[in-house]
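Have a look at the structure below, then the notes.
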There are 4 protein chains.
Amino acid sequence: MLIVMKTDATEDEIAEVVRVVAEMNLQADALPGAQRTAIAVTGNTAPVDASRFEHLPGVAETIRVTRPLKLTTLDLHPTKTVVRVGDATIGGDELAIIGGPCAVESHAQAFAIAETVRRSGARFFRGGAFKPRTSPYAFQGLGEQGLKILAEVRESYGLKIVTEAIDEWALDLVEKYGDVIQIGARNMQNFSLLKRAGRASLPVLLKRGMAATLDEWLLAAEYIMAEGNNQIVLCERGIRTFSQHTRNTLDLAVIPALGRLSHLPVIVDPSHGTGKSYMVAPLARAAAAAGADGLMIEVHDQPERALSDGAQALTLQQYEQTVAEARSIHEVLAATLPVG
Amino acid sequence: MLIVMKTDATEDEIAEVVRVVAEMNLQADALPGAQRTAIAVTGNTAPVDASRFEHLPGVAETIRVTRPLKLTTLDLHPTKTVVRVGDATIGGDELAIIGGPCAVESHAQAFAIAETVRRSGARFFRGGAFKPRTSPYAFQGLGEQGLKILAEVRESYGLKIVTEAIDEWALDLVEKYGDVIQIGARNMQNFSLLKRAGRASLPVLLKRGMAATLDEWLLAAEYIMAEGNNQIVLCERGIRTFSQHTRNTLDLAVIPALGRLSHLPVIVDPSHGTGKSYMVAPLARAAAAAGADGLMIEVHDQPERALSDGAQALTLQQYEQTVAEARSIHEVLAATLPVG
Amino acid sequence: MLIVMKTDATEDEIAEVVRVVAEMNLQADALPGAQRTAIAVTGNTAPVDASRFEHLPGVAETIRVTRPLKLTTLDLHPTKTVVRVGDATIGGDELAIIGGPCAVESHAQAFAIAETVRRSGARFFRGGAFKPRTSPYAFQGLGEQGLKILAEVRESYGLKIVTEAIDEWALDLVEKYGDVIQIGARNMQNFSLLKRAGRASLPVLLKRGMAATLDEWLLAAEYIMAEGNNQIVLCERGIRTFSQHTRNTLDLAVIPALGRLSHLPVIVDPSHGTGKSYMVAPLARAAAAAGADGLMIEVHDQPERALSDGAQALTLQQYEQTVAEARSIHEVLAATLPVG
Amino acid sequence: MLIVMKTDATEDEIAEVVRVVAEMNLQADALPGAQRTAIAVTGNTAPVDASRFEHLPGVAETIRVTRPLKLTTLDLHPTKTVVRVGDATIGGDELAIIGGPCAVESHAQAFAIAETVRRSGARFFRGGAFKPRTSPYAFQGLGEQGLKILAEVRESYGLKIVTEAIDEWALDLVEKYGDVIQIGARNMQNFSLLKRAGRASLPVLLKRGMAATLDEWLLAAEYIMAEGNNQIVLCERGIRTFSQHTRNTLDLAVIPALGRLSHLPVIVDPSHGTGKSYMVAPLARAAAAAGADGLMIEVHDQPERALSDGAQALTLQQYEQTVAEARSIHEVLAATLPVG
């Protein structure tokens, strides 16, 4: 931490800050500048609490230097994590594709879609059984019945099931029927649920909260890792901004940013990231081009009759075309880039 | 809903939209304009799902008219709700004051602060026993032990206890020891927790999520009301914006906006809303001036040693001064305004 | 500046950074920490350019310490600026009131409104002759004809004229007819216009840009001051956020924030800050309560026929009531607060 | 426009709204719904002013239907615009590349960079002679001297010159020395400058303002087109959001959104859009994959010594690699997509 003193801070005020730092068993170095003195605090292994200093006389501001991250960083884990789900992987050479409807609505719907998802070469099937809906009057999902349908999809098509747990009770069920536990954007800082996911036997797909900074997102992943589960996939799904031509603003710069900072794989959800079906293909291609490890794409056999989020669902045909385009871009990248 | 057709939409495309509306047992009125035709959909009692139309040929966009709200609006409940906690109220004539530390840290700390809170005339004491912390490595609260201390504060000082439930298990305990269940900003869309709060025997203080629109916030309250609990206080605590001179941007315009729309009382938390202790007094006054029903203010006997959020905590003396200032403004309002 | 090295930075990389700092005639102090080394750069009188370091091997990030501000800060000018316009002031003990229509539309309109503005006790009259409209097809103002009407208002009512200059040519005219030059939000970073305003003979009212940080806003004021004009009033008018229940989100925390940082007076425009007439009174009161030096309020004799921004204009009666309420709150503050 | 009445609006209030619409020579259709009546206003050729209605008794809200756009839309101009600069184009089949330094610093610097830009196959050279800098104390550009250097670059390398005009005086000079007039993000709503650009003899590259909606951006283009200049290139350069891991948040969804709405070509500036050199290549690829018509990329022969924005400048070698990667993705698109 750097403690910046006011320009008119007295010697005594500086001395007092240095004294408090020493009291915390840390080291203080006063750095007199042309305009003001800054005091560097070192020796800490975790972020220093700024509150101790912001109330002291003569202190103008404190500047955090130590990032609060541990387990998710490349510092401690310099090799990229490859999340393995049976023989399928996320974070390896292949572009992982997770396709499926927003919500499981019926056996017929799930199977009609799964047929296409498998044919597209995807290894993962998505579909919500518990839907976190903004309105209590909207369709809330089929619950355990939906999970059973998903388990049948796995049985019939060999697709790995990615499905959301909205609370600890649902997580128990997802562990029973699914392959990857999805934590949704609205629950990214549901810390009790994160801790439970950290004790789960399955990998976790952690969506970014719609107002989450990179550090907050990674700290949510730290909650999971701190409990022992290090099979985590990060999923960018757009953030909330003033921009209203999309449902969310897809922030693809997180891909290189996370690549510098963390060993965890990153995928992108262009369906929620735009909220409009005609934008899904271009943004799916963009995500692949930016180096995403995978894509999560919503597809429906009858989008105009979807029980949730139909406006962003691709038709079966659009889905196949989108996956093909994203794949061809991923291949160019693999061929062009030094490190793939 | 209004369905706006493209300028070059054909008669057949318009007819098809009208047909689909009729299929949904709703009424369609085609309104030919100078540039394009719009089709008004009426007869619905809940918002119409736009997905049915956005995929039809010739449709340019759909515009929602029906708000998705029911129970929280003045339409159905034209009298303002007064939340009663024993003999204390929120939403009545008095400016409700909720004072206390961010987190309960010890018996001594809680009692030192409660002494001042009571002397200030406040009727409510706040203090977290379960803290939703961004980092897993930060102090997570004393848990049930903290709740017991809070119950002793009530016993000794007659203050009503407002304390956060971060999950269903914690809510059970808050129901046992507390007086008002706080749902934090990060859990505003934790729908399972909202439903549980809707079945609770205590009033709920529902904080606005940091990226929540007004409708989303009210829909969160609808989740609680739909389960039968209509004792809800809304709490503005700042939203996330590009602006970095405060921890959050306090959005005081929600006070008149909600006053027009909803019968629920609205209070303001200038501590989280700014994140800086020197801003709490001016923004507390501003909230009172804008017509808030109450204030939630963090105070600590030793802010520089607080285990969480010390940078925004007032000293005991600052707290008393702030409450007095806010009260004097509330009194001016009561005397000046037609309706108080 | 603080240069934070990567955890695996070598001794040679650290030495190279120190060498480059020395080459810039600044001082470098390497501060070895538990996880990584930070290098403090001191001796600079202006912000150090981070680019020199971000490309060097081993550097993780750079953290700016020196604020880029000079003339607007309390550091160099510890006394608050009182802007004087004849015998009227902004920044003194009184709450300055600037009332008037969004745009001057006619002699009759301006005079009908000015009558009320004077009666309310305001000393300043606002009204646009050059309107920066989002659409080229919207009313663009009466131009010089509008300025002449404003000059007549001054003549007849003794009100000081605050009016916007949208370009250098318009600024010449505003200097001829007006009393205070308004620089609008959209021009806050029109640096040529700022420089011209800095050479003007009149005070400048500088609105905050809708996406401007505090530093950017103050740097815009520095552009004006650097040319010799130090009669500047800052005007908060709301920022752009995801929140859609208001036209902009009024950020009242700038009042205490600027009070700590700068000597310039700060006023608030609750009309643009909300965009809805029914919100103007509560937010005007809130601004006064937060310690604003003044208010700029739009009023129209026939809001429903206003040629621009009618939705946010108060009626004459609402305006008088709003000014009275804000004043009574300002008086409470003056009586209550140690420093008024 | 749709005027939504309150649930308790009376027949008289509805009749009065209908009467006012008729007074404006427009048609009103009252549409009684289950909860409330909506009144559809048709017959208008431009957006209807909502102010006329928002003040009437019984009105709950107004909903705009007509977009305020005319000249920039596909409605009136269904063929995509190809901007021609001599034999080079933007908006055609090729991915247009605009490379060069943030600011022209010297003849040697410009030529060293131009050498690489030409070798990369780019047809356009960028470089600022007038720099809109946030701080008045930062390098402001070489002015006309810089433009002369740019003209020499064109002479020597055959590259078309894209350079920014920050005011009308500078625009005169850019017209004299350059090939494409850049209007920067901070001037997107400098309407006087836009009108002047509309009367210029050169094409205009219009950057998106950092808080501009799509409609505001297109309306800025309408200002230019309304004066007679229809050679306009839109340039996405990132918007301001809460997200702080990049300088701006690049909003690539504007590419499909504009493709549906407007005939104008769209390019992307990943340098300002991220502010970090290591992110430029992935986001340049992403922009190409999303279907951008071109890229504007900052490159410097010595980024660590750049006089402005060095942190986001690519080295010569990185630049060549980035252009190659983006091109190869553009080629995949051309081969894969139905319409290229």
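Ordering of the structure tokens sets the chain letters (A, B, ...), residue numbers begin anew at 1 in every chain, and ligands are numbered from 1 in the order given.
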List every residue of chain A that has an atom at most 8 Å from any atom of chain D, giving for each one its closest atom pair and the distance in Å to one decimal, counting only C-alpha atoms, sorted by chain and then by ascending residue number, as a Markdown table.
```
| residue | atom | partner | partner_atom | distance |
| --- | --- | --- | --- | --- |
| A:Ala211 | CA | D:Phe242 | CA | 7.6 |
| A:Ala212 | CA | D:Ser243 | CA | 7.9 |
| A:Thr213 | CA | D:Ser243 | CA | 5.9 |
| A:Leu214 | CA | D:His245 | CA | 7.1 |
| A:Thr241 | CA | D:Thr241 | CA | 5.9 |
| A:Phe242 | CA | D:Ala211 | CA | 7.5 |
| A:Ser243 | CA | D:Thr213 | CA | 5.9 |
| A:Gln244 | CA | D:Thr213 | CA | 7.2 |
| A:His245 | CA | D:Leu214 | CA | 7.1 |
| A:Thr246 | CA | D:Ala253 | CA | 7.4 |
| A:Thr249 | CA | D:Asp251 | CA | 6.4 |
| A:Leu250 | CA | D:Asp251 | CA | 6.8 |
| A:Asp251 | CA | D:Thr249 | CA | 6.4 |
| A:Leu252 | CA | D:Leu283 | CA | 7.4 |
| A:Ala253 | CA | D:Leu283 | CA | 6.9 |
| A:Val254 | CA | D:His245 | CA | 7.9 |
| A:Pro256 | CA | D:Met279 | CA | 5.9 |
| A:Ala257 | CA | D:His245 | CA | 7.2 |
| A:Thr274 | CA | D:Ala253 | CA | 7.1 |
| A:Tyr278 | CA | D:Pro256 | CA | 7.6 |
| A:Met279 | CA | D:Pro256 | CA | 5.9 |
| A:Pro282 | CA | D:Ala290 | CA | 4.4 |
| A:Leu283 | CA | D:Ala290 | CA | 5.8 |
| A:Arg285 | CA | D:Ala289 | CA | 5.4 |
| A:Ala286 | CA | D:Ala286 | CA | 3.9 |
| A:Ala287 | CA | D:Ala286 | CA | 6.3 |
| A:Ala288 | CA | D:Ala286 | CA | 7.5 |
| A:Ala289 | CA | D:Ala286 | CA | 4.9 |
| A:Ala290 | CA | D:Pro282 | CA | 4.4 |
| A:Gly291 | CA | D:Pro282 | CA | 6.8 |
| A:Glu325 | CA | D:Thr336 | CA | 6.8 |
| A:Ser328 | CA | D:Val332 | CA | 7.2 |
| A:Ile329 | CA | D:Ile329 | CA | 6.4 |
| A:Val332 | CA | D:Ile329 | CA | 6.9 |
| A:Leu333 | CA | D:Glu325 | CA | 7.8 |
| A:Thr336 | CA | D:Glu325 | CA | 6.8 |
```
For the residues in that selection, give me N, CA, C and O atoms as a CSV table (one decimal), in the first residue's frame.
```csv
chain,number,residue,atom,x,y,z
A,211,ALA,N,-22.3,-6.6,-12.9
A,211,ALA,CA,-21.6,-5.4,-12.5
A,211,ALA,C,-20.3,-5.7,-11.8
A,211,ALA,O,-19.8,-4.9,-11.0
A,212,ALA,N,-19.8,-6.9,-12.2
A,212,ALA,CA,-18.5,-7.3,-11.5
A,212,ALA,C,-17.3,-6.9,-12.2
A,212,ALA,O,-17.1,-7.0,-13.4
A,213,THR,N,-16.3,-6.4,-11.4
A,213,THR,CA,-15.0,-6.1,-11.9
A,213,THR,C,-14.3,-7.4,-12.0
A,213,THR,O,-14.7,-8.5,-11.5
A,214,LEU,N,-13.1,-7.4,-12.7
A,214,LEU,CA,-12.3,-8.6,-12.9
A,214,LEU,C,-11.9,-9.1,-11.5
A,214,LEU,O,-12.0,-10.4,-11.3
A,241,THR,N,-24.3,-1.6,-18.8
A,241,THR,CA,-23.8,-0.3,-19.1
A,241,THR,C,-25.0,0.6,-19.5
A,241,THR,O,-26.1,0.1,-19.6
A,242,PHE,N,-24.7,1.8,-19.9
A,242,PHE,CA,-25.7,2.7,-20.3
A,242,PHE,C,-26.2,2.3,-21.7
A,242,PHE,O,-27.3,2.7,-22.2
A,243,SER,N,-25.5,1.5,-22.4
A,243,SER,CA,-25.8,1.1,-23.8
A,243,SER,C,-27.0,0.2,-23.9
A,243,SER,O,-27.1,-0.8,-23.2
A,244,GLN,N,-28.0,0.6,-24.7
A,244,GLN,CA,-29.3,-0.1,-24.6
A,244,GLN,C,-29.7,-0.8,-25.9
A,244,GLN,O,-30.8,-1.3,-26.1
A,245,HIS,N,-28.7,-0.9,-26.9
A,245,HIS,CA,-29.0,-1.6,-28.1
A,245,HIS,C,-28.8,-3.1,-27.9
A,245,HIS,O,-29.1,-3.9,-28.8
A,246,THR,N,-28.2,-3.5,-26.8
A,246,THR,CA,-28.1,-4.9,-26.4
A,246,THR,C,-28.6,-5.1,-25.0
A,246,THR,O,-28.6,-4.1,-24.2
A,249,THR,N,-23.6,-5.5,-22.4
A,249,THR,CA,-22.5,-5.2,-23.2
A,249,THR,C,-21.4,-6.2,-23.1
A,249,THR,O,-20.8,-6.4,-22.0
A,250,LEU,N,-21.1,-7.0,-24.1
A,250,LEU,CA,-20.2,-8.1,-24.0
A,250,LEU,C,-18.8,-7.5,-24.0
A,250,LEU,O,-18.4,-6.7,-24.8
A,251,ASP,N,-18.0,-7.9,-22.9
A,251,ASP,CA,-16.7,-7.2,-22.7
A,251,ASP,C,-15.6,-8.2,-23.0
A,251,ASP,O,-15.1,-8.9,-22.2
A,252,LEU,N,-15.3,-8.3,-24.3
A,252,LEU,CA,-14.4,-9.3,-24.8
A,252,LEU,C,-13.0,-9.1,-24.3
A,252,LEU,O,-12.1,-10.0,-24.4
A,253,ALA,N,-12.6,-7.9,-23.9
A,253,ALA,CA,-11.3,-7.6,-23.4
A,253,ALA,C,-10.9,-8.4,-22.2
A,253,ALA,O,-9.8,-8.5,-21.8
A,254,VAL,N,-11.9,-9.0,-21.5
A,254,VAL,CA,-11.6,-9.9,-20.4
A,254,VAL,C,-10.8,-11.1,-20.8
A,254,VAL,O,-10.1,-11.6,-20.0
A,256,PRO,N,-8.1,-11.4,-23.1
A,256,PRO,CA,-6.7,-11.2,-22.8
A,256,PRO,C,-6.4,-10.7,-21.4
A,256,PRO,O,-5.3,-11.1,-20.9
A,257,ALA,N,-7.2,-10.0,-20.8
A,257,ALA,CA,-7.0,-9.6,-19.4
A,257,ALA,C,-6.8,-10.7,-18.5
A,257,ALA,O,-5.9,-10.8,-17.7
A,274,THR,N,-25.7,-10.4,-25.7
A,274,THR,CA,-26.4,-9.5,-26.6
A,274,THR,C,-27.9,-9.5,-26.4
A,274,THR,O,-28.5,-8.4,-26.6
A,278,TYR,N,-29.9,-12.2,-33.8
A,278,TYR,CA,-29.2,-11.8,-35.0
A,278,TYR,C,-27.8,-11.4,-34.6
A,278,TYR,O,-26.9,-11.3,-35.5
A,279,MET,N,-27.5,-11.1,-33.4
A,279,MET,CA,-26.1,-10.7,-33.0
A,279,MET,C,-25.3,-11.8,-32.5
A,279,MET,O,-24.1,-11.7,-32.3
A,282,PRO,N,-22.2,-13.0,-35.0
A,282,PRO,CA,-21.0,-12.2,-35.1
A,282,PRO,C,-20.2,-12.1,-33.8
A,282,PRO,O,-19.0,-12.1,-33.8
A,283,LEU,N,-20.9,-12.1,-32.7
A,283,LEU,CA,-20.2,-12.0,-31.4
A,283,LEU,C,-19.6,-13.3,-31.0
A,283,LEU,O,-18.6,-13.4,-30.3
A,285,ARG,N,-18.3,-15.4,-33.2
A,285,ARG,CA,-17.0,-15.3,-34.0
A,285,ARG,C,-16.0,-14.4,-33.3
A,285,ARG,O,-14.8,-14.7,-33.2
A,286,ALA,N,-16.5,-13.3,-32.8
A,286,ALA,CA,-15.5,-12.3,-32.2
A,286,ALA,C,-14.9,-12.9,-31.0
A,286,ALA,O,-13.7,-12.8,-30.7
A,287,ALA,N,-15.7,-13.6,-30.2
A,287,ALA,CA,-15.2,-14.3,-29.0
A,287,ALA,C,-14.1,-15.3,-29.3
A,287,ALA,O,-13.0,-15.3,-28.7
A,288,ALA,N,-14.4,-16.1,-30.4
A,288,ALA,CA,-13.4,-17.1,-30.8
A,288,ALA,C,-12.1,-16.4,-31.3
A,288,ALA,O,-11.0,-16.8,-30.9
A,289,ALA,N,-12.3,-15.3,-32.0
A,289,ALA,CA,-11.1,-14.6,-32.5
A,289,ALA,C,-10.3,-13.9,-31.4
A,289,ALA,O,-9.1,-13.8,-31.5
A,290,ALA,N,-11.0,-13.5,-30.3
A,290,ALA,CA,-10.2,-12.9,-29.2
A,290,ALA,C,-9.5,-13.9,-28.4
A,290,ALA,O,-8.8,-13.6,-27.5
A,291,GLY,N,-9.8,-15.2,-28.6
A,291,GLY,CA,-9.1,-16.3,-27.9
A,291,GLY,C,-9.8,-17.0,-26.8
A,291,GLY,O,-9.2,-17.7,-26.0
A,325,GLU,N,-18.9,-21.3,-38.1
A,325,GLU,CA,-18.1,-20.1,-38.3
A,325,GLU,C,-17.1,-19.9,-37.2
A,325,GLU,O,-15.9,-19.6,-37.4
A,328,SER,N,-14.2,-22.2,-37.5
A,328,SER,CA,-13.2,-21.9,-38.6
A,328,SER,C,-12.3,-20.8,-38.2
A,328,SER,O,-11.1,-20.7,-38.5
A,329,ILE,N,-12.8,-19.9,-37.4
A,329,ILE,CA,-12.0,-18.8,-36.9
A,329,ILE,C,-11.0,-19.3,-35.8
A,329,ILE,O,-9.8,-19.0,-35.8
A,332,VAL,N,-8.1,-20.8,-37.7
A,332,VAL,CA,-7.2,-19.8,-38.2
A,332,VAL,C,-6.2,-19.4,-37.1
A,332,VAL,O,-5.0,-19.2,-37.2
A,333,LEU,N,-6.8,-19.1,-35.9
A,333,LEU,CA,-6.0,-18.7,-34.8
A,333,LEU,C,-5.0,-19.7,-34.4
A,333,LEU,O,-3.8,-19.3,-34.2
A,336,THR,N,-2.3,-19.5,-36.9
A,336,THR,CA,-1.6,-18.2,-37.0
A,336,THR,C,-0.8,-17.8,-35.8
A,336,THR,O,0.4,-17.4,-35.9
```
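Close contacts of C:Ile113, defined as residues with an atom at most 8 Å away when counting only C-alpha atoms, with chain neighbours fewer than 5 positions off set aside, comprise Gly100, Pro101, Val299, His300, Asp301 and Leu316 of chain C.
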- Which of stretch 144-281 of chain A DSSP labels alpha helix (DSSP H), written as a ChimeraX atom specification: /A:144-157,168-177,191-198,214-226,254-261,270-274,277-281
- Distance in Å - atom CA of A:Glu144 versus atom CA of B:Gln189: 21.3 Å
